[in-house]
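Only one structure is covered here, and it is reproduced in the block below.
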Amino acid sequence: MSDPVTTATSDNPAVIPVQAGPGVNPQGPTQERAASLWSDARRELIRNPIFLASVSFILIVSSMAILPSMWTSKNPRDCDIKFAKLSPSAEHWFGTNVLGCDYYSHAIYGARPSLSIALIATTGVTLIGVVLGMLAGFFGGWVDTLISRIIDMIYSLPFLLGALVILGVLRQSDLLHSDQWWPPVLVVAIVLIILGWVGVARIMRGSVLSAKNLDYVLAAKSLGASNSRLMFRHILPNAIAPVVVVATISLGGYIGAEATLTFLGAGLQPPAVSWGTMIAGNIDYFNEYKYLVLIPCGLLVPTVLSFILAGDALRDALDPKLR
Amino acid sequence: MGRYIVRRLLQFIPTVLGTLFLLHYLTTVGIQLTGNPIRALFGDKRPAPETLAALTSRLHLDDPCLKQKGNPCLGLFRERLVDIGQLDFGTNFRFRPVFDWRGFFDRAHASIITDALPYTIKITIIAFTIEALVGVFIGMRAGMKPGKSLDYSVKISTVMVISVPVFVLGILIQQFITRDFGNFLRGQEWIPEVISRGVFGSAYKQEFPFASLIIPGIVLGMLSLATTARLTRTSVHENMRADYVRTAKAKGLTHKRVIGVHTLRNSLIPVATNLGLSIGGYMTGAIITETIFNVPGVGNQTARAIFQGEPAVLIGITTMLVLVYLVANLLVDLLYAVLDPRIRYE
Amino acid sequence: MRGKSPMKVAVAATAIALFAAGCQTDSTPEAPAAGGTIRVGSSEAAGLLPGFDDSPSIVVLRTIYAGLVENDNNDGKVVNQIAQSITSDDNKTWTVKLKNNYKFHNGEAVNADSFINGWNYVAYGPNAQPNAPFFGSIVGWSDLQSEDPDGEEGPQKAPEPKAKTMSGLKKIDDFSFTVTLAEPFVGWPATVGYSGFFPWAKACLADTKGCNETPIGNGPYKIEGSWRHNVGVTVVRNPDWAGASKGKPDKIEFKIYDKIDTGYADFEAGELDIWDGVPPAKYKEAKGKYGERMFENPSNTFTYVGLPLYNDNFKEVKVRQALSLAIDRQAIIDAVFDGRFSAAQGVISPNFEGYRPGACANCKYDAAKAKALLAEAGGWKGGKIVLWANAGAGHDKWLQAVGDGWKRDLGIDYELKVDLQFPQYLATGDAKKFTGPFRLGWGPDYAFLETYITPLYSTTGSSNSSGYSNPELDKLIKDAAAAKSIADGIKFYQQAEDLVVRDIPVIPMWFGRTANVRSENVKDYVYNKIHGTVYTEITLKDPNAVK
């Protein structure tokens with residue numbers, strides 16, 4: 001589906017048994033202490049070539065996003081229509097686009113908005129999802145009912161439809177009338193957060209539901225631990241693993257989502273440069289100028305792939321049963 | 001069980017109301033910020049103010065609260081609910097009714113949703129069948145022999161599919177498969193038209209109401225297929241090592257029986273949930289797939305409504321989608337009780 | 001669609017019977033040559049009523065309806081169709097005489113009432129027909145509009161308008177009527193060729209909703225079945241048609257596509273005989289691929305960059321001229337659009353009578369002259385120039401090129417403001433709040449050059465978005481409207497055009513360029529300068545190629 005959030009979340013098998021309702025433990029026996037779980041995982045991961053390759057690619061792309069001037073000296077806004085649609089050459093490594101802008105510099109500068117959107121969205125989704133999912137799962141009762149109904153409401157709104165409608169409204173805000181690169185990025189990210197947190201919240205709620213009845217939690221409770229101590233000291237470390245995995249995977253999904261929204265005319269718009277605007281803005285020229293689409297796709301797809309594969313490897317490492 | 005269903009059905013009410021309000025509020029704020037959407041119908045030509053006013057009033061967009069930024073227009077929302085209660089979903093800007101149930105049986109009462117729904121149901125069935133059959137099959141094969149080449153290729157190819165944005169996928173398929181390969185097929189005399197023009201047509205065709213939906217259906221099912229395959233693989237993989245499978249094997253049951261009855265049945269529980277939920281996801285995917293392949297279904301209408309800022313159409317379609325989603329969700333939960341004996345609903 | 005339904009057989013039988021009857025009365029019958037079916041790409045129409053149409057509607061409406069006048073397929077000149085004559089002594093009261101042998105598809109005669117009642121219906125405010133303003137020039141139009149009653153308290157029911165019929169429309173007898181205009185207008189007979197002026201059958205007025213789905217027209221073709229929304233409209237030859245040309249194809253199938261790329265893909269897959277408007281990005285490729293089978297002609301859609309004359313920075317004529325001179329239109333057209341536009345040489349479409357090539361001296365790229373003019377005017381004092389366009393329609397690309405040119409040749413830096421959605425963008429323009437040059441477009445309403453002048457540049461022009469006001473021009477328009485003949489009128493309008501291209505209230509950019517492709521099976525392709533492809537006149541090499 002083009003719904004990157006549900007795709008990514010439901011992709012995680014750890015999610016599913018949780019939805020079966022209380023009493024089914026998503027992580028199997030998690031008697032080990034959290035710390036050893038993570039250190040085991042780390043040992044496992046540094047021996048995994050796919051994980052290492054993915055992470056290196058992510059690092060490369062991140063360096064483009066953080067320091068684009070390290071990669072190119074050209075300004076992506078310096079365009080001359082006389083040199084439009086030139087094929088790749090020594091002067092222009094990736095050729096020039098329809099307006100005669102250097103396409104290589106676009107590819108480099110395009111990394112920042114794309115990655116920022118994904119990063120901000122993932123952070124926001126994880127924070128909100130974890131907190132609300134935790135509250136719903138831990139307290140139950142009317143808190144759970146309220147949060148679950150909101151989750152249902154947002155879940156039942158098709159992702160793209162919701163995003164397009166909300167973006168249509170937010171686009172009018174003054175945030176978008178700025179010369180800076182980040183306000184539109186923020187707007188798109190906020191929309192992804194509004195629609196995305198429910199996935200994480202569901203997983204979290206399920207994890208908490210099963211974790212709160214585990215022996216050690218009950219033991220801590222009978223020892224008089226406070227609610228917040230129970231939640232953050234005992235339950236969270238055990239329930240967070242599936243969330244971390246989903247977060248990594250959906251990070252990739254959000255990069256693609258930005259491109260899809262732009263294609264539908266609701267994401268970032270030119271003159272903003274992102275991989276999404278590069279693909280969506282040039283897809284019409286695919287027949288004649290294939291490089292205009294292939295280059296941004298050639299960056300976007302491996303990036304998404306890296307995040308998903310890294311997330312996958314992380315899941316395998318965190319799942320004690322798979323060892 | 002009966003009480004559980006009643007309780008769930010009752011919980012629908014606030015969810016549906018909440019979603020409707022959310023959408024009402026968003027479209028309202030949209031109009032408050034962007035201005036009267038009717039004005040855009042006239043484009044660069046400025047209409048006579050009287051005509052603009054007449055159209056606006058006919059379409060019930062003349063409420064003054066639509067001019068006050070941030071006003072939730074509760075009065076308008078109440079009117080809308082009353083209308084929807086009477087099964088009146090309003091019209092689009094061209095005065096076509098959004099929904100009229102009689103349209104399913106009688107052309108004279110045709111409406112946007114009753115016209116569009118059959119296409120989307122057809123394409124959804126195709127997508128669902130492909131997702132369920134192919135996804136479960138390759139997932140199972142991969143899960144039974146983890147770490148082997150098939151497992152890896154399934155993993156890589158499914159992840160690849162997820163990481164390419166759908167619209168790129170759709171357009172690539174349209175370019176290379178339906179146009180280039182399709183034109184080659186259409187040049188061959190011996191290939192029946194239903195294959196060359198229907199299945200490999202670039203767009204939906206009335207003459208081939210089913211064949212020409214197969215490729216759009218595959219594109220639609222493709223991404224969920226990846227998810228299903230991966231989910232099945234992991235699930236089968238885990239269950240293969242479960243105690244009860246070991247017991248079954250130890251008892252000397254045939255391999256076939258162990259796989260077919262014990263492993264598969266249990267592995268399919270999470271898969272079933274995902275399949276149920278993916279039906280809701282199809283509606284989202286349909287927005288892009290139907291637009292690319294010119295299928296006149298619900299997704300196509302949704303995209304159009306969003307870009308023309310048609311509140312009545314959006315609200316009508318979403319009401320329907322929310323209900324479909326909630327019912328699918330309920331069915332999935334009930335299915336659980338059937339598949340997993342540990343779960344009992346009070 | 002499979003097999004022969006009894007219904008279809010019945011229709012065919014009546015068609016034959018009617019045709020036989022037609023042979024007896026009509027002295028010069030055309031042979032019922034097999035014309036086959038032509039398949040045309042189209043898009044979903046707003047409506048199929050003469051009062052409620054948009055460009056996709058008009059494509060279909062022109063085959064199933066016929067108006068008082070028509071534009072000749074060869075030279076675009078206005079010729080009578082249903083009208084016998086349209087005459088006036090003072091350009092104010094027009095007498096319309098009708099031919100008496102035209103019929104609607106349901107058998108009703110096309111008479112004076114078909115026009116008067118139909119026009120009154122469209123003009124009547126509460127009927128909410130978007131074409132209502134087209135009748136605004138007729139005496140009594142405003143009596144048919146209701147005042148907007150909505151106060152702060154909420155919407156109220158609009159009061160009934162004062163009248164239901166325009167006092168300017170008077171029936172003389174069954175086949176003649178008079179139309180009184182509020183102001184004289186020499187070009188009025190040309191305006192009634194527009195689809196908004198088509199006649200309405202009684203049965204259609206009685207059930208407008210049904211008539212929208214199954215139109216009852218009076219044209220050379222009639223609808224088969226009814227409108228299949230978002231899928232297609234099929235029309236078949238009307239054997240009862242009294243007009244001169246009987247129409248070449250037996251059947252025209254309009255297939256509806258939502259996106260032009262999809263429709264074009266289907267054309268490339270051999271599913272269509274005619275595709276009007278190759279997607280801009282595929283234009284170059286199509287040109288090489290289809291060669292002879294691509295028809296190119298300047299089109300009538302005019303794109304301009306309006307200048308906000310209400311802003312002090314744009315008050316000086318020389319500044320405006322400099323801005324216009326510093327745009328290399330052809331370079332932008334070539335780079336951004338692969339040459340798919342015709343650079344504007346004036347503000348009147350090249351297809352219209354009265355067009356003069358090279359009318360606009362300020363539309364030729366001349367960087368040196370632009371620089372000199374700007375210096376004479378004392379330079380640019382407005383800081384960064386803000387270029388406006390509506391979002392999501394792809395205008396940003398060429399506007400950016402315009403800005404780049406100004407930056408290069410005049411040293412004026414620019415920024416784009418392209419994030420407003422269309423309604424808000426238009427509202428901003430209506431409220432005269434643009435802070436810099438803005439993109440707008442214009443299409444003709446009727447085949448008379450006045451449509452390119454009065455609405456855009458007269459002081460009270462309905463779409464005068466620049467705020468331009470020139471008493472000299474207003475007077476010319478008045479003189480033109482009252483001219484003795486069309487030819488005299490045209491001279492006045494040309495003088496008005498001269499004023500516009502001198503004062504540059506808007507920077508003329510370009511006219512569109514049709515790029516229509518056709519399949520190998522099309523034999524004769526007919527193009528009307530005013531209306532585009534004439535589907536009813538297209539012939540096929542092998543009429544039996546489809547079905």
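Quick note on naming: the chains in the structure tokens go A, B, ... in the order shown, residues restart at 1 in each chain, and ligands are numbered from 1 in order of appearance.
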(request) Give me every strand (DSSP E) residue in region 265-512 of chain C, going by DSSP on the backbone, as a ChimeraX atom specification. (result) /C:274-276,294-306,341-343,385-390,414-420,438-442,506-512
(request) Check every residue of chain B for an atom within 6 Å of chain C, counting only C-alpha atoms, and provide those that qualify as a PyMOL selection string. (result) chain B and resi 34-35+37+39-40+44-46+48+54-55+63-64+179+183+202+296
Export of the given selection (C-alpha atoms) as an mmCIF file, in the first residue's frame:
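again.cif, written as the output of this step:
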```
data_model
loop_
_atom_site.group_PDB
_atom_site.id
_atom_site.type_symbol
_atom_site.label_atom_id
_atom_site.label_comp_id
_atom_site.auth_asym_id
_atom_site.auth_seq_id
_atom_site.Cartn_x
_atom_site.Cartn_y
_atom_site.Cartn_z
ATOM 1 C CA THR B 34 -8.537 29.501 0.986
ATOM 2 C CA GLY B 35 -11.785 31.243 0.249
ATOM 3 C CA PRO B 37 -14.035 27.101 -3.675
ATOM 4 C CA ARG B 39 -14.749 30.963 -7.305
ATOM 5 C CA ALA B 40 -12.146 28.582 -8.698
ATOM 6 C CA ASP B 44 -9.232 33.212 -14.676
ATOM 7 C CA LYS B 45 -12.573 34.681 -15.702
ATOM 8 C CA ARG B 46 -14.224 36.646 -12.983
ATOM 9 C CA ALA B 48 -20.737 38.046 -12.157
ATOM 10 C CA ALA B 54 -26.410 32.030 -6.503
ATOM 11 C CA LEU B 55 -24.140 29.005 -6.941
ATOM 12 C CA ASP B 63 -22.908 30.287 5.809
ATOM 13 C CA PRO B 64 -21.134 33.363 7.205
ATOM 14 C CA ARG B 179 2.538 0.490 -23.391
ATOM 15 C CA ASN B 183 1.960 -2.625 -28.055
ATOM 16 C CA SER B 202 -2.908 1.252 -20.506
ATOM 17 C CA PRO B 296 -13.380 5.503 -12.351
#
```
Residues within 9 Å of Asp524 (chain C), please, as a PDB file with C-alpha atoms, in the first residue's frame. Count only C-alpha atoms; anything in the same chain fewer than 3 positions from it doesn't count.
```
ATOM      1  CA  GLU C 537     -16.194  15.757 -40.082  1.00  0.00           C
ATOM      2  CA  ILE C 538     -13.510  13.150 -39.510  1.00  0.00           C
ATOM      3  CA  THR C 539     -13.335  10.219 -41.908  1.00  0.00           C
ATOM      4  CA  LEU C 540     -11.639   6.886 -41.436  1.00  0.00           C
ATOM      5  CA  LYS C 541      -9.632   4.821 -43.882  1.00  0.00           C
TER       6      LYS C 541
END
```
(request) Apply DSSP to the backbone of this structure and, from region 209-264 of chain A, keep only the residues in alpha helix (DSSP H); write these as a PyMOL selection string. (result) chain A and resi 209-211+215-222+227-229+236-263
(request) Could you give me, as a list in words, the residues within 8 Å of Tyr285 (chain A), counting only C-alpha atoms and dropping anything in the same chain fewer than 4 positions from it? (result)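 Using only C-alpha atoms, the neighbours found are Tyr289, Lys290, Leu292 and Val293 of chain A; Ala281 and Lys282 of chain C.
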Store the residues picked out above in a file with N, CA and C atoms, as an mmCIF file, in the first residue's frame.
```cif
data_model
loop_
_atom_site.group_PDB
_atom_site.id
_atom_site.type_symbol
_atom_site.label_atom_id
_atom_site.label_comp_id
_atom_site.auth_asym_id
_atom_site.auth_seq_id
_atom_site.Cartn_x
_atom_site.Cartn_y
_atom_site.Cartn_z
ATOM 1 N N TYR A 289 14.000 11.993 -20.905
ATOM 2 C CA TYR A 289 15.154 12.323 -20.075
ATOM 3 C C TYR A 289 15.115 11.411 -18.859
ATOM 4 N N LYS A 290 15.469 10.144 -19.070
ATOM 5 C CA LYS A 290 15.322 9.154 -18.005
ATOM 6 C C LYS A 290 16.123 9.526 -16.762
ATOM 7 N N LEU A 292 16.546 12.207 -15.296
ATOM 8 C CA LEU A 292 15.894 13.148 -14.385
ATOM 9 C C LEU A 292 15.089 12.419 -13.312
ATOM 10 N N VAL A 293 14.628 11.225 -13.625
ATOM 11 C CA VAL A 293 13.876 10.439 -12.646
ATOM 12 C C VAL A 293 14.766 9.395 -11.993
ATOM 13 N N ALA C 281 5.166 17.463 -21.629
ATOM 14 C CA ALA C 281 6.466 16.823 -21.473
ATOM 15 C C ALA C 281 6.725 15.797 -22.575
ATOM 16 N N LYS C 282 5.671 15.342 -23.255
ATOM 17 C CA LYS C 282 5.866 14.308 -24.274
ATOM 18 C C LYS C 282 5.805 14.901 -25.684
#
```
(request) Could you give me, as a PyMOL selection string, the residues within 7 Å of His92 (chain A), counting only C-alpha atoms and dropping anything in the same chain fewer than 3 positions from it? (result) chain A and resi 88-89+95-96+102+104
Would you mind listing, for every residue of chain A within 7 Å of chain C, the two atoms forming the shortest contact and the distance between them in Å to one decimal, using only C-alpha atoms, sorted by chain and ascending residue number, as JSON lines?
```
{"residue": "A:Ile81", "atom": "CA", "partner": "C:Ala335", "partner_atom": "CA", "distance": 6.3}
{"residue": "A:Ala84", "atom": "CA", "partner": "C:Ala335", "partner_atom": "CA", "distance": 6.2}
{"residue": "A:Val98", "atom": "CA", "partner": "C:Val336", "partner_atom": "CA", "distance": 6.1}
{"residue": "A:Leu99", "atom": "CA", "partner": "C:Val336", "partner_atom": "CA", "distance": 6.7}
{"residue": "A:Gly265", "atom": "CA", "partner": "C:Gly392", "partner_atom": "CA", "distance": 5.7}
{"residue": "A:Asp284", "atom": "CA", "partner": "C:Ala281", "partner_atom": "CA", "distance": 5.7}
{"residue": "A:Tyr285", "atom": "CA", "partner": "C:Ala281", "partner_atom": "CA", "distance": 5.4}
```
Include N, CA and C atoms and write out the residues we just selected as a compact mmCIF listing (two decimals), in the first residue's frame.
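What landed in selection35.txt:
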```
# COMPACT_ATOMS: atom_id res chain seq x y z
N ILE A 81 18.41 28.95 -18.08
CA ILE A 81 17.50 28.23 -18.96
C ILE A 81 18.15 27.85 -20.28
N ALA A 84 19.33 24.07 -20.40
CA ALA A 84 18.33 23.17 -19.86
C ALA A 84 18.50 21.76 -20.41
N VAL A 98 15.08 20.76 -16.21
CA VAL A 98 14.31 21.50 -17.20
C VAL A 98 14.62 22.99 -17.18
N LEU A 99 14.97 23.51 -16.01
CA LEU A 99 15.25 24.94 -15.91
C LEU A 99 16.73 25.25 -16.05
N GLY A 265 0.75 16.63 -5.38
CA GLY A 265 0.62 18.09 -5.35
C GLY A 265 0.43 18.65 -3.96
N ASP A 284 7.06 13.24 -15.62
CA ASP A 284 6.48 13.42 -16.95
C ASP A 284 7.54 13.35 -18.05
N TYR A 285 8.78 13.68 -17.69
CA TYR A 285 9.84 13.70 -18.68
C TYR A 285 10.55 12.36 -18.79
```
(message) Using only C-alpha atoms and a distance of at most 8 Å, pull out the residues of chain B that contact chain A, as an MDAnalysis selection string.
(response) chainID B and resid 14:16 18:19 26:27 29:30 33:34 159:160 162:168 220:224 227:228 230:231 234:235 238 270 273:274 278 280:285 287 302:303 306 318 321:322 325:326 333 336 343
For the selection just defined, write its residues with N, CA and C atoms to a file, as a compact mmCIF listing (two decimals), in the first residue's frame.
```txt
# COMPACT_ATOMS: atom_id res chain seq x y z
N PRO B 14 -19.43 6.93 18.47
CA PRO B 14 -18.51 8.06 18.70
C PRO B 14 -17.38 8.11 17.67
N THR B 15 -16.91 6.94 17.25
CA THR B 15 -15.80 6.95 16.28
C THR B 15 -16.23 7.60 14.98
N VAL B 16 -17.41 7.19 14.50
CA VAL B 16 -17.88 7.76 13.23
C VAL B 16 -18.13 9.26 13.40
N GLY B 18 -16.78 11.27 15.53
CA GLY B 18 -15.50 11.96 15.69
C GLY B 18 -14.82 12.16 14.34
N THR B 19 -14.79 11.10 13.54
CA THR B 19 -14.13 11.20 12.24
C THR B 19 -14.85 12.22 11.36
N LEU B 26 -11.77 20.11 9.18
CA LEU B 26 -10.66 20.35 8.25
C LEU B 26 -11.16 21.02 6.96
N THR B 27 -12.24 20.51 6.41
CA THR B 27 -12.73 21.12 5.16
C THR B 27 -13.22 22.53 5.43
N VAL B 29 -12.13 24.65 7.82
CA VAL B 29 -10.96 25.53 7.95
C VAL B 29 -10.33 25.77 6.58
N GLY B 30 -10.34 24.72 5.77
CA GLY B 30 -9.81 24.86 4.42
C GLY B 30 -10.51 25.97 3.66
N LEU B 33 -9.72 29.41 5.08
CA LEU B 33 -8.41 29.94 4.74
C LEU B 33 -8.25 30.22 3.25
N THR B 34 -8.80 29.33 2.42
CA THR B 34 -8.54 29.50 0.99
C THR B 34 -9.61 30.31 0.28
N VAL B 159 11.28 -5.97 0.17
CA VAL B 159 11.72 -4.67 0.69
C VAL B 159 11.90 -3.67 -0.45
N MET B 160 12.39 -4.17 -1.57
CA MET B 160 12.53 -3.30 -2.74
C MET B 160 11.19 -2.67 -3.11
N ILE B 162 8.62 -2.21 -1.27
CA ILE B 162 8.16 -1.22 -0.29
C ILE B 162 8.86 0.11 -0.49
N SER B 163 10.15 0.05 -0.88
CA SER B 163 10.90 1.30 -0.88
C SER B 163 10.69 2.14 -2.14
N VAL B 164 10.06 1.60 -3.16
CA VAL B 164 9.76 2.44 -4.33
C VAL B 164 8.39 3.08 -4.14
N PRO B 165 8.31 4.41 -4.25
CA PRO B 165 6.98 5.02 -4.10
C PRO B 165 6.00 4.44 -5.12
N VAL B 166 4.75 4.26 -4.68
CA VAL B 166 3.76 3.59 -5.54
C VAL B 166 3.59 4.28 -6.88
N PHE B 167 3.63 5.61 -6.88
CA PHE B 167 3.34 6.29 -8.13
C PHE B 167 4.44 6.02 -9.15
N VAL B 168 5.68 5.87 -8.66
CA VAL B 168 6.77 5.54 -9.57
C VAL B 168 6.54 4.15 -10.15
N LEU B 220 -1.93 -2.47 -7.02
CA LEU B 220 -2.55 -2.14 -5.74
C LEU B 220 -2.19 -3.17 -4.67
N GLY B 221 -2.17 -4.45 -5.08
CA GLY B 221 -1.92 -5.49 -4.10
C GLY B 221 -0.45 -5.69 -3.79
N MET B 222 0.40 -5.13 -4.65
CA MET B 222 1.83 -5.41 -4.60
C MET B 222 2.45 -5.09 -3.23
N LEU B 223 2.16 -3.90 -2.72
CA LEU B 223 2.84 -3.49 -1.49
C LEU B 223 2.35 -4.28 -0.30
N SER B 224 1.05 -4.53 -0.23
CA SER B 224 0.55 -5.33 0.89
C SER B 224 1.05 -6.75 0.73
N THR B 227 4.21 -7.07 2.48
CA THR B 227 3.98 -7.15 3.92
C THR B 227 3.49 -8.55 4.31
N THR B 228 2.51 -9.04 3.55
CA THR B 228 1.95 -10.34 3.88
C THR B 228 3.00 -11.44 3.78
N ARG B 230 6.22 -11.21 4.10
CA ARG B 230 7.18 -11.11 5.20
C ARG B 230 6.58 -11.56 6.51
N LEU B 231 5.35 -11.19 6.70
CA LEU B 231 4.67 -11.54 7.93
C LEU B 231 4.51 -13.06 8.02
N THR B 234 7.89 -14.78 8.77
CA THR B 234 8.32 -14.72 10.15
C THR B 234 7.45 -15.59 11.03
N SER B 235 6.16 -15.54 10.76
CA SER B 235 5.23 -16.27 11.59
C SER B 235 5.45 -17.77 11.45
N GLU B 238 8.67 -18.81 13.15
CA GLU B 238 8.58 -18.91 14.60
C GLU B 238 7.83 -20.17 15.01
N PRO B 270 -1.78 -13.88 12.69
CA PRO B 270 -1.37 -12.49 12.43
C PRO B 270 -1.59 -12.10 10.97
N THR B 273 -5.09 -10.87 10.38
CA THR B 273 -5.32 -9.50 10.83
C THR B 273 -4.84 -8.51 9.81
N ASN B 274 -3.62 -8.78 9.35
CA ASN B 274 -3.02 -7.85 8.42
C ASN B 274 -3.85 -7.77 7.14
N SER B 278 -5.64 -4.54 5.67
CA SER B 278 -5.13 -3.99 4.40
C SER B 278 -6.27 -3.59 3.48
N GLY B 280 -8.68 -1.71 4.30
CA GLY B 280 -8.78 -0.27 4.51
C GLY B 280 -7.68 0.45 3.75
N GLY B 281 -6.49 -0.18 3.77
CA GLY B 281 -5.35 0.43 3.10
C GLY B 281 -5.53 0.52 1.60
N TYR B 282 -6.31 -0.42 1.03
CA TYR B 282 -6.53 -0.39 -0.41
C TYR B 282 -7.15 0.93 -0.85
N MET B 283 -8.00 1.47 0.00
CA MET B 283 -8.69 2.70 -0.37
C MET B 283 -7.66 3.81 -0.57
N THR B 284 -6.63 3.79 0.30
CA THR B 284 -5.57 4.78 0.16
C THR B 284 -4.79 4.54 -1.12
N GLY B 285 -4.40 3.29 -1.32
CA GLY B 285 -3.62 2.97 -2.51
C GLY B 285 -4.40 3.27 -3.77
N ILE B 287 -6.24 5.66 -4.43
CA ILE B 287 -6.18 7.05 -4.86
C ILE B 287 -5.13 7.19 -5.97
N THR B 302 -12.01 10.38 -4.92
CA THR B 302 -11.45 11.02 -3.74
C THR B 302 -10.40 12.04 -4.15
N ALA B 303 -9.51 11.62 -5.04
CA ALA B 303 -8.45 12.53 -5.47
C ALA B 303 -9.06 13.79 -6.07
N ILE B 306 -10.54 16.03 -3.40
CA ILE B 306 -9.54 16.73 -2.60
C ILE B 306 -9.06 17.96 -3.36
N THR B 318 -15.63 9.47 2.94
CA THR B 318 -14.95 9.07 4.17
C THR B 318 -15.90 8.35 5.12
N LEU B 321 -15.86 4.93 4.00
CA LEU B 321 -14.60 4.24 4.27
C LEU B 321 -14.46 3.90 5.75
N VAL B 322 -14.88 4.85 6.60
CA VAL B 322 -14.76 4.61 8.04
C VAL B 322 -15.62 3.41 8.42
N TYR B 325 -13.98 0.26 7.25
CA TYR B 325 -12.82 -0.05 8.09
C TYR B 325 -13.27 -0.64 9.43
N LEU B 326 -14.26 0.00 10.05
CA LEU B 326 -14.68 -0.47 11.37
C LEU B 326 -15.28 -1.87 11.29
N ASP B 333 -11.42 -9.16 14.41
CA ASP B 333 -11.39 -9.53 15.82
C ASP B 333 -12.20 -10.80 16.07
N TYR B 336 -10.43 -13.82 14.92
CA TYR B 336 -9.44 -14.19 15.90
C TYR B 336 -9.96 -15.23 16.86
N ILE B 343 -8.47 -16.92 22.81
CA ILE B 343 -9.18 -15.65 22.91
C ILE B 343 -10.67 -15.90 22.99
```
(message) If we count only C-alpha atoms and set the cut-off at 9 Å, which residues sit around Ile453 (chain C), ignoring sequence neighbours fewer than 4 positions away in its own chain? Please answer as a VMD selection string.
(response) chain C and resid 347 to 348 449 457 to 458 461 477 493 496 to 497 500
(request) For Glu224 (chain C), list every protein, DNA or RNA residue within 8 Å, evaluated using only C-alpha atoms, and leave out those in the same chain fewer than 5 positions away; present the list as number ranges by chain. (result) C: 233-236
(request) Have a look at B:Ile112, B:Met240, B:Ile5, B:Ile195 and name the one nearest to Thr91 (chain B); count only C-alpha atoms. (result)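 Ranked by minimum distance to Thr91 (chain B), first place goes to B:Ile112.
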(message) Counting only C-alpha atoms, which residue out of B:Phe210, B:Leu334, B:Gly316, B:Thr263 sits closest to Phe99 (chain B)?
(response) B:Gly316
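Rounded to one decimal, CA of Glu316 (chain C) and CA of Ala431 (chain C) lie 21.8 Å from each other.
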